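Novice: File name run00.csv; file contents CSV, C-alpha atoms; full text below.
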```csv
chain,number,residue,atom,x,y,z
A,1182,MET,CA,44.4,-139.7,54.4
A,1183,LYS,CA,47.2,-137.9,56.1
A,1184,THR,CA,47.5,-134.2,55.6
A,1185,ARG,CA,50.3,-131.7,55.1
A,1186,ILE,CA,50.7,-127.9,55.4
A,1187,LEU,CA,52.0,-126.1,52.3
A,1188,GLY,CA,54.9,-124.1,53.7
A,1189,GLU,CA,54.2,-121.5,56.4
A,1190,SER,CA,50.9,-120.5,54.9
A,1191,GLY,CA,48.7,-122.7,57.0
A,1192,LEU,CA,47.0,-124.2,53.9
A,1193,GLU,CA,46.3,-127.8,54.9
A,1194,VAL,CA,45.7,-130.3,52.1
A,1195,SER,CA,45.8,-134.1,51.7
A,1196,ALA,CA,49.3,-135.5,51.5
A,1197,ILE,CA,48.9,-136.1,47.8
A,1198,GLY,CA,46.6,-134.2,45.5
A,1199,LEU,CA,45.1,-134.9,42.1
A,1200,GLY,CA,46.5,-133.4,38.9
A,1201,CYS,CA,43.4,-133.0,36.9
A,1202,MET,CA,44.9,-132.2,33.5
A,1203,GLY,CA,44.6,-135.7,32.0
A,1204,ILE,CA,40.8,-135.7,32.5
A,1205,THR,CA,40.4,-133.5,29.5
A,1206,GLN,CA,43.7,-133.7,27.5
A,1207,VAL,CA,47.3,-134.7,26.9
A,1208,TYR,CA,47.3,-138.5,27.0
A,1209,ASP,CA,44.4,-139.3,24.7
A,1210,THR,CA,42.6,-140.5,27.8
A,1211,ALA,CA,40.0,-137.7,28.2
A,1212,LEU,CA,36.9,-138.8,30.0
A,1213,GLU,CA,33.3,-138.1,29.1
A,1214,GLU,CA,32.0,-135.3,31.3
A,1215,GLN,CA,29.8,-137.5,33.6
A,1216,ASP,CA,32.6,-140.1,34.0
A,1217,ALA,CA,35.0,-137.3,34.9
A,1218,ILE,CA,32.6,-135.9,37.5
A,1219,ASN,CA,32.1,-139.3,39.0
A,1220,PHE,CA,35.8,-139.9,39.1
A,1221,LEU,CA,36.5,-136.6,40.8
A,1222,ARG,CA,33.8,-137.2,43.4
A,1223,ASN,CA,35.3,-140.7,44.0
A,1224,THR,CA,38.6,-139.0,44.5
A,1225,TYR,CA,37.2,-136.9,47.3
A,1226,GLU,CA,35.6,-139.9,48.8
A,1227,ASP,CA,39.0,-141.6,48.9
A,1228,GLY,CA,40.5,-138.8,50.9
A,1229,VAL,CA,42.0,-136.4,48.4
A,1230,THR,CA,41.3,-132.7,49.1
A,1231,LEU,CA,43.7,-130.9,46.7
A,1232,PHE,CA,42.5,-130.6,43.1
A,1233,ASP,CA,44.8,-129.0,40.6
A,1234,THR,CA,43.4,-127.6,37.4
A,1235,ALA,CA,44.1,-124.6,35.0
A,1236,GLU,CA,42.3,-122.4,32.5
A,1237,ALA,CA,44.8,-123.8,29.9
A,1238,TYR,CA,43.5,-127.4,30.4
A,1239,GLY,CA,41.0,-127.7,27.6
A,1240,PRO,CA,41.2,-124.7,27.5
A,1241,PHE,CA,38.5,-124.0,30.1
A,1242,ALA,CA,36.8,-127.4,30.0
A,1243,ASN,CA,38.8,-128.8,32.8
A,1244,GLU,CA,37.9,-126.0,35.2
A,1245,GLU,CA,34.2,-126.4,34.3
A,1246,ILE,CA,34.2,-130.1,35.1
A,1247,VAL,CA,36.2,-129.7,38.3
A,1248,GLY,CA,33.8,-126.9,39.4
A,1249,LYS,CA,30.7,-128.9,38.7
A,1250,ALA,CA,32.1,-132.1,40.3
A,1251,LEU,CA,33.2,-130.4,43.6
A,1252,VAL,CA,30.1,-128.2,44.3
A,1253,PRO,CA,28.6,-130.7,46.8
A,1254,PHE,CA,31.6,-130.5,49.1
A,1255,ARG,CA,33.2,-127.2,48.1
A,1256,ASP,CA,34.0,-126.2,51.6
A,1257,GLU,CA,35.9,-129.5,52.3
A,1258,VAL,CA,38.3,-129.2,49.3
A,1259,VAL,CA,41.1,-127.0,48.1
A,1260,ILE,CA,40.9,-126.0,44.5
A,1261,ALA,CA,44.1,-124.8,42.8
A,1262,THR,CA,44.0,-123.3,39.3
A,1263,LYS,CA,46.4,-121.4,37.1
A,1264,ILE,CA,46.2,-118.3,34.8
A,1265,GLY,CA,48.7,-116.5,32.7
A,1266,PHE,CA,48.5,-117.7,29.1
A,1267,ASP,CA,46.8,-115.6,26.6
A,1268,PHE,CA,43.4,-116.9,25.5
A,1269,ASP,CA,40.4,-115.4,23.8
A,1270,ALA,CA,37.9,-115.1,26.6
A,1271,ILE,CA,35.0,-116.3,24.4
A,1272,THR,CA,36.4,-118.9,22.0
A,1273,GLY,CA,39.3,-120.2,24.1
A,1274,GLU,CA,41.6,-119.7,21.2
A,1275,ARG,CA,45.2,-119.6,22.3
A,1276,ARG,CA,47.1,-116.5,21.3
A,1277,ALA,CA,50.9,-116.5,21.2
A,1278,GLY,CA,52.8,-116.4,24.5
A,1279,VAL,CA,51.9,-115.6,28.0
A,1280,ASN,CA,50.0,-112.7,29.5
A,1281,SER,CA,50.3,-111.6,33.1
A,1282,ASP,CA,49.2,-108.0,32.7
A,1283,PRO,CA,47.5,-107.1,35.9
A,1284,LYS,CA,44.2,-106.3,34.1
A,1285,HIS,CA,44.4,-109.7,32.4
A,1286,ILE,CA,45.1,-111.4,35.7
A,1287,ARG,CA,41.9,-109.9,37.2
A,1288,SER,CA,39.7,-110.7,34.3
A,1289,ALA,CA,41.1,-114.2,34.0
A,1290,ALA,CA,40.5,-114.8,37.7
A,1291,GLU,CA,36.9,-113.6,37.5
A,1292,ARG,CA,36.3,-116.1,34.6
A,1293,CYS,CA,37.9,-118.9,36.6
A,1294,LEU,CA,35.6,-118.2,39.5
A,1295,LYS,CA,32.6,-118.6,37.3
A,1296,ARG,CA,33.8,-121.8,35.6
A,1297,LEU,CA,34.7,-123.3,39.0
A,1298,ARG,CA,31.3,-122.3,40.5
A,1299,THR,CA,32.8,-120.8,43.5
A,1300,ASP,CA,33.3,-117.4,45.3
A,1301,ARG,CA,37.0,-117.9,45.9
A,1302,ILE,CA,40.0,-119.7,44.5
A,1303,ASP,CA,42.0,-121.4,47.3
A,1304,LEU,CA,45.3,-121.3,45.4
A,1305,LEU,CA,45.9,-119.3,42.3
A,1306,TYR,CA,49.1,-119.9,40.4
A,1307,GLN,CA,50.8,-117.8,37.7
A,1308,HIS,CA,51.1,-120.6,35.2
A,1309,ARG,CA,54.3,-119.3,33.6
A,1310,VAL,CA,56.5,-116.3,34.3
A,1311,ASP,CA,55.8,-113.4,31.9
A,1312,PRO,CA,59.0,-111.7,31.0
A,1313,LYS,CA,57.1,-108.6,29.9
A,1314,VAL,CA,55.5,-107.9,33.3
A,1315,PRO,CA,57.5,-107.2,36.4
A,1316,MET,CA,57.0,-110.0,39.0
A,1317,GLU,CA,56.2,-107.4,41.6
A,1318,ASP,CA,53.2,-106.3,39.4
A,1319,VAL,CA,52.0,-109.9,39.1
A,1320,ALA,CA,52.2,-110.5,42.8
A,1321,GLY,CA,50.6,-107.1,43.5
A,1322,ALA,CA,47.6,-107.9,41.3
A,1323,ILE,CA,47.1,-111.3,42.9
A,1324,GLY,CA,47.6,-109.6,46.3
A,1325,GLU,CA,44.6,-107.3,45.5
A,1326,LEU,CA,42.5,-110.4,44.7
A,1327,ILE,CA,43.5,-111.9,48.1
A,1328,ASP,CA,42.6,-108.7,49.9
A,1329,GLU,CA,39.1,-108.9,48.2
A,1330,GLY,CA,38.7,-112.5,49.3
A,1331,LYS,CA,38.5,-113.8,45.7
A,1332,VAL,CA,41.8,-115.7,46.1
A,1333,LEU,CA,43.1,-117.2,49.3
A,1334,HIS,CA,46.7,-118.1,48.4
A,1335,PHE,CA,49.2,-117.2,45.8
A,1336,GLY,CA,51.3,-119.7,43.9
A,1337,LEU,CA,53.9,-119.8,41.1
A,1338,SER,CA,54.5,-122.5,38.5
A,1339,GLU,CA,57.9,-123.3,37.0
A,1340,ALA,CA,59.4,-120.0,38.3
A,1341,GLY,CA,63.0,-119.5,38.9
A,1342,VAL,CA,64.9,-118.2,42.0
A,1343,SER,CA,64.8,-114.5,41.1
A,1344,SER,CA,61.1,-114.5,40.2
A,1345,ILE,CA,60.2,-116.3,43.4
A,1346,ARG,CA,62.1,-113.9,45.6
A,1347,LYS,CA,60.6,-110.8,43.9
A,1348,ALA,CA,57.1,-112.2,44.1
A,1349,HIS,CA,57.4,-113.3,47.7
A,1350,ALA,CA,58.6,-109.9,48.8
A,1351,GLU,CA,55.4,-108.3,47.4
A,1352,THR,CA,52.8,-111.0,48.2
A,1353,PRO,CA,53.7,-114.1,50.2
A,1354,VAL,CA,53.9,-117.2,48.0
A,1355,THR,CA,52.2,-120.2,49.5
A,1356,ALA,CA,53.3,-122.8,46.9
A,1357,LEU,CA,55.6,-123.4,44.0
A,1358,GLN,CA,54.6,-126.0,41.4
A,1359,SER,CA,57.2,-127.5,39.2
A,1360,GLU,CA,58.2,-130.9,37.9
A,1361,TYR,CA,60.1,-133.1,40.4
A,1362,SER,CA,60.6,-136.8,40.6
A,1363,LEU,CA,63.3,-139.4,40.8
A,1364,TRP,CA,63.6,-138.9,37.1
A,1365,TRP,CA,63.9,-135.1,37.3
A,1366,GLN,CA,65.7,-133.9,40.4
A,1367,ALA,CA,66.8,-130.4,39.2
A,1368,PRO,CA,64.7,-128.6,42.0
A,1369,ASP,CA,67.2,-130.1,44.5
A,1370,GLU,CA,69.8,-127.6,43.4
A,1371,GLU,CA,68.3,-124.2,44.1
A,1372,ILE,CA,64.5,-124.4,44.2
A,1373,LEU,CA,63.9,-126.6,47.2
A,1374,PRO,CA,66.5,-124.8,49.4
A,1375,LEU,CA,64.8,-121.5,48.5
A,1376,CYS,CA,61.4,-122.9,49.3
A,1377,GLU,CA,62.7,-124.0,52.7
A,1378,GLU,CA,64.3,-120.6,53.3
A,1379,LEU,CA,61.1,-118.6,52.5
A,1380,GLY,CA,58.5,-121.1,53.9
A,1381,ILE,CA,57.0,-122.0,50.6
A,1382,GLY,CA,55.3,-125.3,50.0
A,1383,PHE,CA,56.3,-127.4,46.9
A,1384,VAL,CA,53.8,-129.2,44.7
A,1385,PRO,CA,55.5,-131.5,42.2
A,1386,PHE,CA,53.7,-132.3,39.0
A,1387,SER,CA,54.7,-135.4,37.0
A,1388,PRO,CA,55.8,-137.2,40.2
A,1389,LEU,CA,55.6,-140.5,38.2
A,1390,GLY,CA,57.6,-139.1,35.2
A,1391,ALA,CA,54.4,-139.0,33.1
A,1392,GLY,CA,53.8,-142.6,33.8
A,1393,PHE,CA,57.4,-143.8,33.2
A,1394,LEU,CA,58.2,-144.6,36.9
A,1395,THR,CA,55.1,-146.9,37.2
A,1396,GLY,CA,57.0,-149.5,35.2
A,1397,SER,CA,54.2,-149.8,32.7
A,1398,ILE,CA,56.2,-148.3,29.8
A,1399,THR,CA,58.9,-150.2,28.0
A,1400,ALA,CA,61.2,-149.4,25.1
A,1401,GLN,CA,58.6,-151.0,22.8
A,1402,THR,CA,55.6,-149.0,24.1
A,1403,SER,CA,53.7,-147.1,21.4
A,1404,PHE,CA,51.9,-144.0,22.5
A,1405,GLU,CA,48.6,-142.8,21.0
A,1406,GLU,CA,48.7,-140.4,18.2
A,1407,HIS,CA,48.0,-137.2,20.2
A,1408,ASP,CA,50.0,-138.2,23.3
A,1409,TYR,CA,52.5,-135.4,24.0
A,1410,ARG,CA,55.2,-137.9,25.0
A,1411,ASN,CA,55.7,-138.7,21.3
A,1412,SER,CA,57.7,-135.5,21.0
A,1413,VAL,CA,59.6,-135.6,24.3
A,1414,PRO,CA,63.3,-136.6,23.9
A,1415,ARG,CA,63.5,-138.6,27.1
A,1416,PHE,CA,60.6,-140.8,25.8
A,1417,SER,CA,62.3,-141.6,22.5
A,1418,LYS,CA,62.8,-145.4,22.1
A,1419,GLU,CA,66.6,-145.0,22.3
A,1420,ASN,CA,66.5,-142.9,25.5
A,1421,ARG,CA,63.7,-145.0,27.0
A,1422,ALA,CA,65.9,-148.2,26.8
A,1423,GLN,CA,68.6,-146.5,28.9
A,1424,ASN,CA,66.2,-144.7,31.2
A,1425,LEU,CA,64.6,-148.1,32.1
A,1426,GLU,CA,67.6,-148.6,34.4
A,1427,LEU,CA,65.9,-146.2,36.8
A,1428,VAL,CA,62.6,-148.1,36.6
A,1429,GLU,CA,64.3,-151.4,37.4
A,1430,LEU,CA,65.9,-149.8,40.4
A,1431,VAL,CA,62.5,-148.6,41.6
A,1432,ARG,CA,60.9,-151.9,40.9
A,1433,LYS,CA,63.5,-153.8,42.9
A,1434,ILE,CA,62.9,-151.6,46.0
A,1435,ALA,CA,59.1,-152.0,45.5
A,1436,ASN,CA,59.3,-155.7,45.4
A,1437,GLU,CA,61.4,-155.7,48.6
A,1438,ALA,CA,58.9,-153.4,50.3
A,1439,ASN,CA,55.7,-155.2,49.1
A,1440,ALA,CA,54.7,-152.0,47.3
A,1441,THR,CA,54.3,-150.9,43.7
A,1442,PRO,CA,56.8,-148.9,41.7
A,1443,ALA,CA,54.4,-145.9,41.7
A,1444,GLN,CA,54.1,-146.0,45.5
A,1445,ILE,CA,57.9,-146.0,45.8
A,1446,ALA,CA,58.3,-143.1,43.4
A,1447,ILE,CA,55.6,-141.1,45.3
A,1448,GLY,CA,56.9,-142.2,48.7
A,1449,TRP,CA,60.4,-141.0,47.8
A,1450,LEU,CA,59.0,-137.5,47.1
A,1451,LEU,CA,57.0,-137.5,50.4
A,1452,ALA,CA,60.2,-138.4,52.2
A,1453,GLN,CA,62.2,-135.4,50.9
A,1454,LYS,CA,60.3,-132.7,52.9
A,1455,ASP,CA,57.1,-132.7,54.9
A,1456,TRP,CA,55.9,-129.6,52.9
A,1457,ILE,CA,56.0,-131.4,49.6
A,1458,VAL,CA,52.6,-132.5,48.2
A,1459,PRO,CA,52.8,-134.4,44.9
A,1460,ILE,CA,49.9,-134.2,42.5
A,1461,PRO,CA,49.9,-137.4,40.4
A,1462,GLY,CA,47.4,-137.5,37.6
A,1463,THR,CA,45.2,-140.4,36.7
A,1464,THR,CA,41.7,-141.1,35.3
A,1465,LYS,CA,41.4,-144.6,36.9
A,1466,ARG,CA,40.2,-145.1,40.5
A,1467,HIS,CA,42.4,-148.2,41.1
A,1468,ARG,CA,45.4,-146.2,40.1
A,1469,LEU,CA,44.3,-143.3,42.4
A,1470,GLN,CA,44.0,-145.7,45.3
A,1471,GLU,CA,47.4,-147.2,44.5
A,1472,ASN,CA,48.9,-143.7,44.6
A,1473,ILE,CA,47.2,-143.0,47.9
A,1474,GLY,CA,48.9,-146.1,49.3
A,1475,ALA,CA,52.2,-144.3,49.1
A,1476,THR,CA,51.1,-142.1,52.0
A,1477,ILE,CA,51.1,-145.0,54.4
A,1478,LEU,CA,54.5,-146.6,53.4
A,1479,ASP,CA,56.6,-147.1,56.5
A,1480,LEU,CA,60.2,-147.8,55.3
A,1481,ASP,CA,63.5,-147.2,56.9
A,1482,PRO,CA,64.6,-143.6,56.0
A,1483,LYS,CA,67.9,-145.1,54.8
A,1484,ILE,CA,66.1,-146.7,51.9
A,1485,TRP,CA,65.1,-143.3,50.5
A,1486,VAL,CA,68.7,-142.0,50.8
A,1487,GLU,CA,70.1,-145.1,49.1
A,1488,LEU,CA,67.5,-144.7,46.4
A,1489,SER,CA,68.5,-141.1,45.8
A,1490,GLU,CA,72.2,-142.0,45.6
A,1491,ALA,CA,71.5,-144.9,43.2
A,1492,ALA,CA,69.4,-142.8,41.0
A,1493,ASP,CA,72.1,-140.0,40.9
A,1494,SER,CA,74.6,-142.5,39.7
A,1495,LEU,CA,72.6,-143.4,36.6
A,1496,LEU,CA,73.0,-141.6,33.2
A,1497,LEU,CA,69.4,-140.7,32.3
A,1498,PRO,CA,69.4,-139.3,28.7
A,1499,GLY,CA,66.9,-136.9,27.1
A,1500,SER,CA,65.4,-133.6,28.1
A,1501,ARG,CA,62.1,-133.5,29.9
A,1502,LEU,CA,60.3,-131.3,27.3
A,1503,SER,CA,60.2,-131.1,23.6
A,1504,PRO,CA,61.8,-128.0,22.0
A,1505,ALA,CA,58.3,-126.7,21.2
A,1506,LEU,CA,57.1,-127.1,24.8
A,1507,GLU,CA,60.2,-125.4,26.1
A,1508,LEU,CA,59.4,-122.4,24.0
A,1509,THR,CA,55.6,-122.1,24.6
A,1510,GLY,CA,55.4,-123.3,28.2
A,1511,ARG,CA,53.6,-126.5,29.0
```
What's the structure tokens form of this structure?

Specialist:
Amino acid sequence: MKTRILGESGLEVSAIGLGCMGITQVYDTALEEQDAINFLRNTYEDGVTLFDTAEAYGPFANEEIVGKALVPFRDEVVIATKIGFDFDAITGERRAGVNSDPKHIRSAAERCLKRLRTDRIDLLYQHRVDPKVPMEDVAGAIGELIDEGKVLHFGLSEAGVSSIRKAHAETPVTALQSEYSLWWQAPDEEILPLCEELGIGFVPFSPLGAGFLTGSITAQTSFEEHDYRNSVPRFSKENRAQNLELVELVRKIANEANATPAQIAIGWLLAQKDWIVPIPGTTKRHRLQENIGATILDLDPKIWVELSEAADSLLLPGSRLSPALELTGR
């Protein structure tokens, strides 16, 4: 597995990581605990060293499984987790909104450490910006945890330009995590230029458009009852029918390159900047190995430029989140 450095931080990780969320929720594909542990250990054996989780996934269950699975090779992996939603520490009940009060940050981080069975969190993200708490206070609180050795690197998730600048001025930000793919290129406008300016790595989630860019989803696909995509506008049957133009474009290039659509979609991300590290999620080892194959694609750089231009020319309808998710934070 090739490796990459996230920004100017010196944090070296595998060229792609694993988004662990689907192991316990979202797509109706949650694994039994031992199956999840075995899968995570196989992921490490296949060369992945960046594992992305969050207290919100479960809540709590995802961190517990990730922690248990990675104990045997803790020093060889990078564990990233996220805090900032408001949960009851005992029951896991989600209260309304976000909470990045410095005292809450510290207590949440301490609980993450216990669930992850570790003495340090390699990369700690604020999961969503808290409008009630100055970003300087958030960055300062995580900076204190860094000074104590309980956290090694500071990250932000889905933050905007102003928030990133304020945080970085207080405590250097190692990585920003946001959605980015051929299907959602909004970060190109302001976020990626800012990351380059400040030396911040970028970690795209949903690099395969929640499975859409793999080519396995059609206008007739029916999602399981609890699959969040049922409520997402861009996944409506009407919008899917038009959005499939992008999938056909990716499939055409994949066929010419003797690759899969997933590999082309991930390969496109890797070609944008050498400090971008996608975190596709899967619960199947053959899909994991397929995704890893994107790191060894050797295509003419012109192909990636032509793919970008062709994707930009398409009208791709539907917002990326449901109204409810836009309000509460994914």

Novice: Which residues of segment 1278-1370 of chain A sit at most 9 Å from segment 1474-1494 of chain A, using all atoms listed in the file? Give each one's shortest atom pair and distance in Å (one decimal place), in chain and ascending residue order, as a Markdown table.

Specialist:
```
| residue | atom | partner | partner_atom | distance |
| --- | --- | --- | --- | --- |
| A:Leu1363 | CA | A:Ala1492 | CA | 7.0 |
| A:Trp1364 | CA | A:Ala1492 | CA | 8.0 |
| A:Gln1366 | CA | A:Asp1493 | CA | 8.9 |
```

Novice: Convert the current residue selection to file output with C-alpha atoms, as a PDB file, in the coordinates of the input.

Specialist:
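Final output, result_31.pdb:
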```pdb
ATOM      1  CA  LEU A1363      63.300-139.400  40.800  1.00  0.00           C
ATOM      2  CA  TRP A1364      63.600-138.900  37.100  1.00  0.00           C
ATOM      3  CA  GLN A1366      65.700-133.900  40.400  1.00  0.00           C
TER       4      GLN A1366
END
```

Novice: Excluding Glu1429 of chain A and residues on its chain fewer than 2 positions from it, collect all residues at most 12 Å away from it, counting all atoms listed in the file, and give them as a list in words.

Specialist: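 The residues satisfying every condition are Phe1393, Leu1394, Thr1395, Gly1396, Ser1397, Ile1398, Thr1399, Ala1422, Gln1423, Asn1424, Leu1425, Glu1426, Leu1427, Val1431, Arg1432, Lys1433, Ile1434, Ala1435, Asn1436, Thr1441, Pro1442, Ile1445, Ala1446, Leu1488, Ala1491, Ala1492 and Leu1495 of chain A.
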
Novice: Using all atoms listed in the file, what table do you get, as JSON lines, when you list each residue of segment 1260-1296 of chain A with an atom no more than 9 Å from segment 1221-1236 of chain A, its nearest pair of atoms, and their distance in Å rounded to one decimal, rows by chain then rising number?

Specialist:
```
{"residue": "A:Ile1260", "atom": "CA", "partner": "A:Phe1232", "partner_atom": "CA", "distance": 5.1}
{"residue": "A:Ala1261", "atom": "CA", "partner": "A:Asp1233", "partner_atom": "CA", "distance": 4.8}
{"residue": "A:Thr1262", "atom": "CA", "partner": "A:Ala1235", "partner_atom": "CA", "distance": 4.5}
{"residue": "A:Lys1263", "atom": "CA", "partner": "A:Ala1235", "partner_atom": "CA", "distance": 4.5}
{"residue": "A:Ile1264", "atom": "CA", "partner": "A:Glu1236", "partner_atom": "CA", "distance": 6.1}
{"residue": "A:Gly1265", "atom": "CA", "partner": "A:Glu1236", "partner_atom": "CA", "distance": 8.7}
{"residue": "A:Phe1266", "atom": "CA", "partner": "A:Glu1236", "partner_atom": "CA", "distance": 8.5}
{"residue": "A:Phe1268", "atom": "CA", "partner": "A:Glu1236", "partner_atom": "CA", "distance": 9.0}
{"residue": "A:Ala1289", "atom": "CA", "partner": "A:Glu1236", "partner_atom": "CA", "distance": 8.4}
{"residue": "A:Arg1292", "atom": "CA", "partner": "A:Glu1236", "partner_atom": "CA", "distance": 8.9}
{"residue": "A:Cys1293", "atom": "CA", "partner": "A:Glu1236", "partner_atom": "CA", "distance": 7.0}
```

Novice: Could you work out how far atom CA of Asn1411 of chain A lies from atom CA of Asp1269 of chain A, giving the answer in Å with one decimal?

Specialist: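 Computed distance, atom CA of Asp1269 of chain A to atom CA of Asn1411 of chain A, equals 28.0 Å.
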
Novice: Distance atom CA of Lys1465 of chain A-atom CA of Ile1186 of chain A, one decimal place?

Specialist: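 Computed distance, atom CA of Lys1465 of chain A to atom CA of Ile1186 of chain A, equals 26.6 Å.
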
Novice: Using only C-alpha atoms, give me every residue within 7 Å of (32.9, -123.2, 39.1) in file coordinates, as a list in words.

Specialist: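 Checked against the point, the hits come out as Glu1244, Glu1245, Gly1248, Lys1249, Leu1294, Lys1295, Arg1296, Leu1297, Arg1298 and Thr1299 of chain A.
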
Novice: Could you state the separation of atom CA of Ile1457 of chain A and atom CA of Val1413 of chain A in Å, given to one decimal place?

Specialist: 25.9 Å

Novice: List as a VMD selection string: which residues have an atom within 8 Å of (46.9, -112.8, 35.7), counting only C-alpha atoms?

Specialist: chain A and resid 1264 to 1265 1280 to 1290 1307 1319 1322 to 1323
